[in-house]
Amino acid sequence: MTLERYLSDRGIKPAHFATEVGVPASTITRLLRGERSPGLGLVAKIQAATAGAVTAADFMADPAQPSPQEAA
């Protein structure tokens, strides 16, 4: 499950989630926009905060889909 879908399905604001995992809100916003990839430490925090619903594999780019930068 993508982080975006996880947050949307649960009505969680990115800023609130950022506080929960201990990072600036801008970090979560950049992840959601595809502007950055999380490091292993952040992936671990996200996986823990989502009870395993969002994992490292969910941040892997699908080669069949263009990246947000390529789609623009």
# chains A, B, ... in the order shown; residues from 1 in each chain; ligands from 1
$ residues_around --residues "Pro38 of chain A" --least-positions-apart "3" --cutoff "10 Å" --atoms "only C-alpha atoms" --output "PyMOL selection string"
chain A and resi 27-28+30-31+41-44+46+56+59
$ residues_around --residues "segment 52-54 of chain A" --least-positions-apart "3" --cutoff "8 Å" --atoms "only C-alpha atoms" --output "ChimeraX atom specification"
/A:1-3,6,46-49,58
$ closest_residue --among "A:Met60, A:Thr50, A:Asp9, A:Glu4" --to "Ser37 of chain A" --atoms "only C-alpha atoms"
A:Met60
$ atom_distance --atom1 "atom CA of Arg36 of chain A" --atom2 "atom CA of Pro14 of chain A"
15.0 Å
$ closest_residue --among "A:Gly34, A:Gly39, A:Thr29, A:Ala57" --to "Lys13 of chain A" --atoms "only C-alpha atoms"
A:Thr29
$ select_by_dssp --residues "chain A" --states "helix (DSSP H, G or I)" --output "ChimeraX atom specification"
/A:3-10,14-21,25-33,40-49,56-59,68-71
